[in-house]
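Step one of this worksheet: look at the structure below.
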Amino acid sequence: MGFDPTGDYPLGARRPDLVRTPGGLQLRELALDSARIDAAELRATPETLRLQAEVARAAGRVQLADNLLRAAELAPLPDETILEIYTALRPRRSTAAELEAWADQLERWNAPATAAFVRGAVGVYAERGLLAV
Amino acid sequence: MPSEERSARFVSREQRELRRELLIEPLAELGLVAMDGPADPQPSLVVEKGRVIELDGRREDEWDALDHFVVRYGLDLDVAREAAALDDAEIARRLVDVDVPRAELVRLSRGLTPARLARVISMLDPVELMFALKKLRARRAPANQAHVTNLKENPALLAADAAEAAARGFAEVETTVGVSRYAPLNAIAILVGSQTGRPGVLTQCAVEERLNLRLAIQGLVTYAETLSVYGTEPVFVDGDDTPWSKAFLASAYASRGIKVRFTSGGGSEALMGESQGKSMLYLEARCLSLVRAAGSQGVQNGSISCVALVLAVPGGTREVLAENVLAAWLGLEVASGNDAIASHSAIRKTAKLMGQFLPGTDFVTSGYSSMPRYDNMFGGGNYDADDLDEWLTIQRDWQVDAGIEPVGEEDALAVRERAARAVQAVFDAFGFPPITENEVRLATTCLDSRDLPDRDRAADVLAGDRVLAERISGLDVARALEERGFPETAAAIFEMQRQRVAADYLQTSAIIAPDGTVVSAVNDENRYSGPGTGYRLEGERWQRLQQLPHSIDARVLGGAEGIQNAVEELHVASVGDRSDEVVIAVGPAFGGALAETINGLSHRDVLAELVAGVREGGAEPRLVKIRRSSDVAFIGHDGARLSGSRIAVGLQSKGTTLIHRADLEPLDCLELFGMAPSLTLQSYRQIGRNAAGYALGHPVAPVPTVLDNYARAKLIVRTTLLHARETAEIDRLAPPVELRLAGVPTAV
């Protein structure tokens, strides 16, 4: 059955069939006493975050949807990488080339929306003195 | 008059709590102006070939990073074209027009610049702002958030407080740390506590981002509202962020299953010295435009920690409310402040609170101190544990749901103990420093953390380090609780882990019901469109919020069951012929259906004192019961008409007394003692003496009375119930009867 972003929310209650753990388990397979489950299984996959982005977009929340799409792209990346990119975006931490390099890297990691977002900062940072000197 | 003369009244007012605060004239150049600042820009939006080239009076080359960000991600140019055709007053009018739906207003906001948003909102007066807020709130029903901290960072107390907060209906519980290495333990304590109190409560531990992401990944927290933004570029950059870094962080949190709420609020730019001479509301409009552009589902605003600064300037309270309305208008979830102390004055801070309390917001406070203020580590405690009964009573007074439910003492103790025991079991399971039985007991019953013993802090922080090093997760905590005999808490914590898989709580205004259903602005949107629509406190919920532990069943008041009658009725009373006679006329319930006065004096004692007083004054008392009226004037007047001296004492069963004379109008009298609660047995004796004095024609000094202006507030309910009992005994046609004190053989 297709996904209706206006009617299928909350996914957990209405469309559990569309939701999987990173290891492919269904919601109904998740039980406290199941030995197969470890903590890494108990998080949203990029696919689920994309469905949530669609829900937000259908409700008219364009920017929240874009944020959730970036989240979907970041979900597979390690914490340390994410914190490195965050730090790179803070004031006067990076040169334009360094930010561009992060954007290129994000594209290679199949994170085009986040890459474009980082790239979008470069011009403004240059203009506003927010690049490293 | 010598200049050193002072008005004692002015001096008295200077001692009031309010006067600890400074009120200042607006000082626009320092940003100390609430709204409509002289340097606020004129709204403008110039689009050329599909590109914005001017925003709020500034050309593109004058934009700062915030302008760039808002233009790039925050404006819908199609809607902007439409909005350009509307004048400000028309948009303001739509905000309070019940026939213009919320969704339409949120759509329209997408085409408005920050200066225009601020200008339109500033056209609304306080009541219009409240109405707009009621209409614009994202989620149908309001909710509330609790702070849970303590200065000793005692885990048993954190768990107990989180449990009670959850049981009281708080949808979110927030903690923080004094020492950041405590964060993992504090996060575990409030997770265990909150899920013991009520499954589904979202929790957060306000710490630095790196640590917060780790806690999130390990399933120990579910939301964050630490992402602060500011309305000018210098303050933003001083906060070591840019709009891009903050928005990226929001995505990072969401990628780890954290519900994100930004924080902003009036006064912060002025406090940081970089307001650029702009008004608080205009700068907040910039913040909020940016918050939405960054893709946050919501915001914590309404000045937050700078609220006392905003309230120092004229219109400050109105500005704070305007901020909340603006956030709701932009479609954001609003956690509406009321956490930091707004004023020393209880009157003033509660007047401010009503702006959010009555319309209802997604979270009426962004941190109600569920423990005493002493233990609040957020610099909060605007309302705290001591204020709970007031909060509940005000909800009951207004029939308004501001997100807190009553919990009786027994239930509170039970849930607190259960939570303290659960976290004790978790600490034991992981080999953390033990939580003693004494700590469990005191966490359950204490006032604040001063009552608890000190823990080995060095050992505790090492345990905190272990949580991170060993990646102890929410799942591990649930399994430990399951093994140790806490199946309900274990199941609730596991359900919170399961929620992370579907991530439904990342949507706007999401909270989680005890049965695990996610309730947000997507599936439970506020569609208020006039009387009878939207969320109303009624039905079962209203029943629940009106039954407070300190309210009582009116039927139990004023009873005299089981008490022996104080008087015996003899025969129908006739007019006396002794000129030294004073009739003591009592009401129909006297000494029968009622047995004591409102301040607990027994009718027998009161009568005995009156009789003794009349005799001391040289007159002869006669007791009569008036059965046709419960009104003290008629009781007294009827008595006077029966009295040989034409003087009588009239006495209602609740104790109200007068001295009457037959030739006066019934509603007139010689002396009235309306303040029954302040009458003592000595007063009644003196009343008897005075009545005798009137009967014998002696000069009489009126009995002194005490004035207690609180008597009415304190006793009006009791007065009403006692009077109702007396009125129920009336027999309109029954003649007065003569009485004697029960057990006294002769008349009187």
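Chain labels run A, B, ... following the order of the structure tokens; each chain numbers its residues from 1, and ligands are numbered from 1 in the order shown.
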Leaving out B:Leu696 and any residue of its chain fewer than 5 positions from it, which residues lie within 12 Å of it when counting only C-alpha atoms, given as an NGL selection string?
-> :B and (578-582 or 614-615 or 617-620 or 644-647 or 689-691)
Do you know which residues are at most 10 Å from B:Asp454 counting only C-alpha atoms, after dropping those on the same chain fewer than 3 positions away, and could you put them as a ChimeraX atom specification?
-> /B:152-154,439,449-451,457
Interface, chain A side, toward chain B (7 Å; only C-alpha atoms) as a PyMOL selection string = chain A and resi 9-12+19+21+32+39+42-44+48+56+59+63-64+66-68+70-72+74-75+82-83+86+89-91+121+124+128
What does the file look like for those residues with N, CA and C atoms, as a JSON list (two decimals), in the first residue's frame?
[["chain", "number", "residue", "atom", "x", "y", "z"],
["A", 9, "TYR", "N", -0.08, 9.28, 9.41],
["A", 9, "TYR", "CA", 0.62, 9.66, 10.64],
["A", 9, "TYR", "C", -0.32, 9.45, 11.82],
["A", 10, "PRO", "N", 0.15, 8.99, 12.97],
["A", 10, "PRO", "CA", 1.53, 8.58, 13.27],
["A", 10, "PRO", "C", 1.88, 7.23, 12.62],
["A", 11, "LEU", "N", 3.07, 7.16, 12.10],
["A", 11, "LEU", "CA", 3.49, 5.96, 11.39],
["A", 11, "LEU", "C", 3.47, 4.74, 12.32],
["A", 12, "GLY", "N", 3.93, 4.95, 13.54],
["A", 12, "GLY", "CA", 4.02, 3.84, 14.49],
["A", 12, "GLY", "C", 2.67, 3.18, 14.71],
["A", 19, "VAL", "N", 7.66, 0.93, 8.64],
["A", 19, "VAL", "CA", 8.76, 1.30, 9.53],
["A", 19, "VAL", "C", 9.62, 0.07, 9.83],
["A", 21, "THR", "N", 13.60, -1.20, 11.62],
["A", 21, "THR", "CA", 14.82, -0.80, 12.32],
["A", 21, "THR", "C", 15.98, -0.84, 11.32],
["A", 32, "LEU", "N", 10.97, -6.34, 24.59],
["A", 32, "LEU", "CA", 12.03, -6.16, 25.58],
["A", 32, "LEU", "C", 12.83, -7.45, 25.78],
["A", 39, "ALA", "N", 20.79, -1.95, 21.21],
["A", 39, "ALA", "CA", 20.41, -0.54, 21.22],
["A", 39, "ALA", "C", 20.51, 0.09, 19.84],
["A", 42, "LEU", "N", 17.39, 0.40, 17.81],
["A", 42, "LEU", "CA", 16.28, 1.22, 18.28],
["A", 42, "LEU", "C", 16.48, 2.67, 17.88],
["A", 43, "ARG", "N", 16.51, 2.88, 16.57],
["A", 43, "ARG", "CA", 16.58, 4.26, 16.08],
["A", 43, "ARG", "C", 15.96, 4.33, 14.70],
["A", 44, "ALA", "N", 15.70, 5.57, 14.30],
["A", 44, "ALA", "CA", 15.04, 5.76, 13.01],
["A", 44, "ALA", "C", 16.04, 5.57, 11.87],
["A", 48, "THR", "N", 12.82, 6.10, 7.26],
["A", 48, "THR", "CA", 11.75, 6.56, 8.15],
["A", 48, "THR", "C", 11.79, 8.09, 8.30],
["A", 56, "ALA", "N", 5.71, 16.14, 7.21],
["A", 56, "ALA", "CA", 5.85, 17.57, 7.52],
["A", 56, "ALA", "C", 5.53, 18.42, 6.29],
["A", 59, "ALA", "N", 1.94, 18.71, 5.59],
["A", 59, "ALA", "CA", 1.26, 19.59, 6.56],
["A", 59, "ALA", "C", 1.65, 21.05, 6.34],
["A", 63, "GLN", "N", 10.18, 23.91, 5.75],
["A", 63, "GLN", "CA", 11.52, 23.94, 6.34],
["A", 63, "GLN", "C", 11.74, 22.78, 7.30],
["A", 64, "LEU", "N", 10.70, 22.41, 8.05],
["A", 64, "LEU", "CA", 10.84, 21.24, 8.92],
["A", 64, "LEU", "C", 11.09, 20.00, 8.07],
["A", 66, "ASP", "N", 12.57, 19.94, 5.15],
["A", 66, "ASP", "CA", 13.97, 20.00, 4.66],
["A", 66, "ASP", "C", 14.94, 19.60, 5.78],
["A", 67, "ASN", "N", 14.64, 20.03, 6.97],
["A", 67, "ASN", "CA", 15.47, 19.67, 8.12],
["A", 67, "ASN", "C", 15.47, 18.15, 8.32],
["A", 68, "LEU", "N", 14.31, 17.54, 8.21],
["A", 68, "LEU", "CA", 14.22, 16.09, 8.40],
["A", 68, "LEU", "C", 14.91, 15.34, 7.26],
["A", 70, "ARG", "N", 17.62, 16.51, 5.75],
["A", 70, "ARG", "CA", 19.03, 16.56, 6.12],
["A", 70, "ARG", "C", 19.32, 15.55, 7.23],
["A", 71, "ALA", "N", 18.37, 15.43, 8.16],
["A", 71, "ALA", "CA", 18.55, 14.44, 9.24],
["A", 71, "ALA", "C", 18.66, 13.03, 8.67],
["A", 72, "ALA", "N", 17.84, 12.74, 7.66],
["A", 72, "ALA", "CA", 17.90, 11.42, 7.03],
["A", 72, "ALA", "C", 19.29, 11.18, 6.44],
["A", 74, "LEU", "N", 22.04, 12.55, 7.48],
["A", 74, "LEU", "CA", 23.06, 12.50, 8.53],
["A", 74, "LEU", "C", 22.96, 11.23, 9.38],
["A", 75, "ALA", "N", 21.79, 10.59, 9.34],
["A", 75, "ALA", "CA", 21.56, 9.44, 10.23],
["A", 75, "ALA", "C", 22.66, 8.39, 10.15],
["A", 82, "ILE", "N", 29.69, 14.12, 12.45],
["A", 82, "ILE", "CA", 28.63, 15.14, 12.55],
["A", 82, "ILE", "C", 29.13, 16.33, 13.39],
["A", 83, "LEU", "N", 29.80, 16.01, 14.48],
["A", 83, "LEU", "CA", 30.30, 17.10, 15.33],
["A", 83, "LEU", "C", 31.40, 17.88, 14.63],
["A", 86, "TYR", "N", 29.61, 20.20, 12.27],
["A", 86, "TYR", "CA", 29.01, 21.28, 13.07],
["A", 86, "TYR", "C", 30.07, 22.31, 13.45],
["A", 89, "LEU", "N", 31.12, 24.60, 10.75],
["A", 89, "LEU", "CA", 30.15, 25.64, 10.39],
["A", 89, "LEU", "C", 30.10, 26.77, 11.41],
["A", 90, "ARG", "N", 30.73, 26.59, 12.54],
["A", 90, "ARG", "CA", 30.70, 27.65, 13.57],
["A", 90, "ARG", "C", 31.57, 28.82, 13.10],
["A", 91, "PRO", "N", 31.37, 29.98, 13.70],
["A", 91, "PRO", "CA", 32.03, 31.20, 13.18],
["A", 91, "PRO", "C", 33.56, 31.06, 13.13],
["A", 121, "ALA", "N", 26.31, 28.27, 2.73],
["A", 121, "ALA", "CA", 26.85, 29.15, 3.77],
["A", 121, "ALA", "C", 28.09, 29.90, 3.30],
["A", 124, "VAL", "N", 27.89, 33.67, 2.13],
["A", 124, "VAL", "CA", 27.48, 34.55, 3.22],
["A", 124, "VAL", "C", 28.61, 34.68, 4.25],
["A", 128, "ARG", "N", 30.29, 38.13, 5.42],
["A", 128, "ARG", "CA", 30.07, 38.58, 6.80],
["A", 128, "ARG", "C", 31.25, 38.32, 7.73]]
Nearby residues (only C-alpha atoms) at most 6 Å from stretch 650-656 of chain B, same-chain spacing under 2 positions excluded, as a list in words =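 That gives Ala585, Val586, Gly587, Phe590, Thr597, Ile598, Val632, Ile635, Gly636, Leu658, Gly674 and Ala676 of chain B.
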Close residues, B:Gly200 itself excluded, 8 Å, only C-alpha atoms, min 3 positions apart in chain, as an MDAnalysis selection string = chainID B and resid 171 195 492 495:496 511:516
What is the atom CA of B:Val179-atom CA of B:Leu271 distance in Å, reported with one decimal?
->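 Value for the atom CA of B:Val179-atom CA of B:Leu271 distance: 25.8 Å.
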Enter the distance from atom CA of A:Met1 to atom CA of A:Ser34, in Å, rounded to one decimal.
-> 28.4 Å
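Taking only C-alpha atoms into account, B:Arg604 lies nearest to B:Arg740 out of the set B:Arg286, B:Arg58, B:Lys349, B:Arg740.
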Two-atom distance - atom CA of B:Ala132, atom CA of B:Trp329 (Å) |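 One can read the atom CA of B:Ala132 to atom CA of B:Trp329 distance as 8.5 Å.
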Got a sec to tell me which of stretch 502-650 of chain B DSSP assigns to alpha helix (DSSP H), as a PyMOL selection string?
-> chain B and resi 502+539-546+603-616+632-642
Dump as a compact mmCIF listing (two decimals), in the first residue's frame, selection limited to N, CA and C atoms:
# COMPACT_ATOMS: atom_id res chain seq x y z
N ALA B 502 10.02 4.79 14.95
CA ALA B 502 9.05 5.45 14.06
C ALA B 502 9.26 6.96 14.02
N GLY B 539 -15.98 17.58 30.64
CA GLY B 539 -16.10 16.12 30.80
C GLY B 539 -15.19 15.58 31.89
N GLU B 540 -14.63 14.42 31.59
CA GLU B 540 -13.83 13.70 32.58
C GLU B 540 -12.62 14.51 33.05
N ARG B 541 -11.98 15.18 32.09
CA ARG B 541 -10.78 15.95 32.43
C ARG B 541 -11.13 17.09 33.39
N TRP B 542 -12.25 17.74 33.14
CA TRP B 542 -12.69 18.83 34.02
C TRP B 542 -13.03 18.29 35.41
N GLN B 543 -13.69 17.14 35.44
CA GLN B 543 -13.97 16.50 36.73
C GLN B 543 -12.66 16.30 37.49
N ARG B 544 -11.68 15.80 36.75
CA ARG B 544 -10.41 15.47 37.36
C ARG B 544 -9.70 16.73 37.89
N LEU B 545 -9.73 17.80 37.10
CA LEU B 545 -9.02 19.02 37.49
C LEU B 545 -9.76 19.83 38.55
N GLN B 546 -11.03 19.48 38.80
CA GLN B 546 -11.71 20.24 39.86
C GLN B 546 -11.66 19.52 41.20
N HIS B 603 -23.34 25.93 71.61
CA HIS B 603 -24.53 26.74 71.88
C HIS B 603 -24.84 26.80 73.38
N ARG B 604 -24.60 25.67 74.04
CA ARG B 604 -24.85 25.65 75.48
C ARG B 604 -24.01 26.72 76.19
N ASP B 605 -22.71 26.77 75.85
CA ASP B 605 -21.82 27.74 76.50
C ASP B 605 -22.22 29.18 76.17
N VAL B 606 -22.57 29.40 74.92
CA VAL B 606 -22.94 30.76 74.50
C VAL B 606 -24.17 31.22 75.28
N LEU B 607 -25.16 30.34 75.35
CA LEU B 607 -26.38 30.71 76.09
C LEU B 607 -26.08 30.98 77.56
N ALA B 608 -25.26 30.10 78.12
CA ALA B 608 -24.93 30.25 79.55
C ALA B 608 -24.27 31.60 79.81
N GLU B 609 -23.39 32.03 78.88
CA GLU B 609 -22.72 33.32 79.06
C GLU B 609 -23.69 34.48 78.90
N LEU B 610 -24.58 34.37 77.93
CA LEU B 610 -25.56 35.46 77.75
C LEU B 610 -26.44 35.60 78.99
N VAL B 611 -26.89 34.44 79.49
CA VAL B 611 -27.76 34.44 80.68
C VAL B 611 -27.02 35.07 81.86
N ALA B 612 -25.77 34.64 82.03
CA ALA B 612 -24.98 35.17 83.14
C ALA B 612 -24.78 36.68 82.99
N GLY B 613 -24.53 37.11 81.75
CA GLY B 613 -24.31 38.54 81.49
C GLY B 613 -25.55 39.35 81.80
N VAL B 614 -26.72 38.87 81.37
CA VAL B 614 -27.97 39.59 81.64
C VAL B 614 -28.16 39.71 83.15
N ARG B 615 -27.89 38.61 83.84
CA ARG B 615 -28.07 38.63 85.30
C ARG B 615 -27.08 39.59 85.95
N GLU B 616 -25.82 39.56 85.48
CA GLU B 616 -24.83 40.49 86.04
C GLU B 616 -25.27 41.93 85.85
N VAL B 632 -31.20 37.25 61.48
CA VAL B 632 -30.90 37.70 62.83
C VAL B 632 -31.74 38.93 63.23
N ALA B 633 -32.05 39.77 62.24
CA ALA B 633 -32.83 40.97 62.55
C ALA B 633 -34.22 40.60 63.04
N PHE B 634 -34.85 39.64 62.35
CA PHE B 634 -36.20 39.26 62.74
C PHE B 634 -36.20 38.42 64.01
N ILE B 635 -35.17 37.59 64.16
CA ILE B 635 -35.06 36.81 65.39
C ILE B 635 -35.01 37.77 66.59
N GLY B 636 -34.15 38.81 66.45
CA GLY B 636 -33.98 39.77 67.54
C GLY B 636 -35.24 40.61 67.75
N HIS B 637 -35.83 41.03 66.64
CA HIS B 637 -36.99 41.91 66.75
C HIS B 637 -38.19 41.17 67.32
N ASP B 638 -38.40 39.92 66.85
CA ASP B 638 -39.49 39.13 67.42
C ASP B 638 -39.29 38.94 68.92
N GLY B 639 -38.00 38.71 69.29
CA GLY B 639 -37.68 38.54 70.70
C GLY B 639 -38.02 39.80 71.49
N ALA B 640 -37.67 40.96 70.93
CA ALA B 640 -37.91 42.23 71.61
C ALA B 640 -39.41 42.46 71.83
N ARG B 641 -40.20 42.04 70.84
CA ARG B 641 -41.65 42.24 70.97
C ARG B 641 -42.23 41.34 72.06
N LEU B 642 -41.54 40.24 72.36
CA LEU B 642 -42.00 39.36 73.45
C LEU B 642 -41.50 39.80 74.81
From the list B:Met130, B:Leu211, B:Ala159, B:Val583, the nearest residue to A:Asp79 using only C-alpha atoms is B:Leu211
